[in-house]
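A short write-up of the structure that comes next.
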Amino acid sequence: MTKQQLAMQYFPQSATKTAVRHLMRWITSCPQLADELRAAGYRPRNRSFTWRQVELIHRHLGIPTRPEKVQSPFLGARVTQSDIE
């Protein structure tokens, strides 16, 4: 799965580049996830994630479900798309 495809699942109302930046910010804000992704072969210049890497992201960040509301794993409250852009 490309970074863009996954990012747009988490941030469907954002422009593609913005969605990727948000997703990568979430990933780097979670040191355990970043470490596990590196161990699974991820490198920052990769343009896609393997199925294993996607599973790791889903485990740490949750599976994107409701596009109108996004639950940041680093915030205690639900936020809307406009709150994060």
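Order determines the names: the first chain of the structure tokens is A, the second B, and so forth; residues in each chain are numbered 1 upward, and ligands are numbered 1 upward as they are shown.
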
Subject >> All residues 12 Å or closer to A:Ala39, only C-alpha atoms, same chain fewer than 6 positions away omitted, as a PyMOL selection string >> reply: chain A and resi 32-33+52-53+56

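Near A:Ala7, within a cut-off of 10 Å and counting only C-alpha atoms, sit the residues A:Thr2, A:Pro12, A:Ser14, A:Ala15, A:Thr16, A:Lys17, A:Thr18, A:Ala19, A:Val20, A:Arg21, A:His22, A:Leu23, A:Met24, A:Pro64, with same-chain residues fewer than 5 positions away left out.
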
Would you write out those residues with C-alpha atoms, as a PDB file, in the first residue's frame?
ATOM      1  CA  THR A   2       1.412   3.393  -0.883  1.00  0.00           C
ATOM      2  CA  PRO A  12      -9.692  11.723   3.660  1.00  0.00           C
ATOM      3  CA  SER A  14      -6.907  16.525   3.278  1.00  0.00           C
ATOM      4  CA  ALA A  15      -4.801  17.036   0.193  1.00  0.00           C
ATOM      5  CA  THR A  16      -2.619  13.994  -0.464  1.00  0.00           C
ATOM      6  CA  LYS A  17       0.668  15.650   0.520  1.00  0.00           C
ATOM      7  CA  THR A  18      -0.885  17.048   3.680  1.00  0.00           C
ATOM      8  CA  ALA A  19      -2.338  13.665   4.606  1.00  0.00           C
ATOM      9  CA  VAL A  20       1.063  12.010   4.184  1.00  0.00           C
ATOM     10  CA  ARG A  21       2.704  14.686   6.360  1.00  0.00           C
ATOM     11  CA  HIS A  22       0.078  14.155   9.076  1.00  0.00           C
ATOM     12  CA  LEU A  23       0.476  10.375   8.971  1.00  0.00           C
ATOM     13  CA  MET A  24       4.263  10.571   9.102  1.00  0.00           C
ATOM     14  CA  PRO A  64      -9.338   4.411  10.235  1.00  0.00           C
TER      15      PRO A  64
END

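Nearest residue to A:Arg43 among A:His58, A:Cys30, A:Tyr10, A:Lys3 is A:Lys3, counting only C-alpha atoms.
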
**OP:** Mind giving me the straight-line distance from atom CA of A:Gln13 to atom CA of A:Thr28 in Å, one decimal?
**Re:** 21.6 Å

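Take the candidates A:Asp35, A:Gln5, A:Ile63, A:Ile27 and check each one against A:Arg47 using only C-alpha atoms; the shortest distance goes to A:Gln5.
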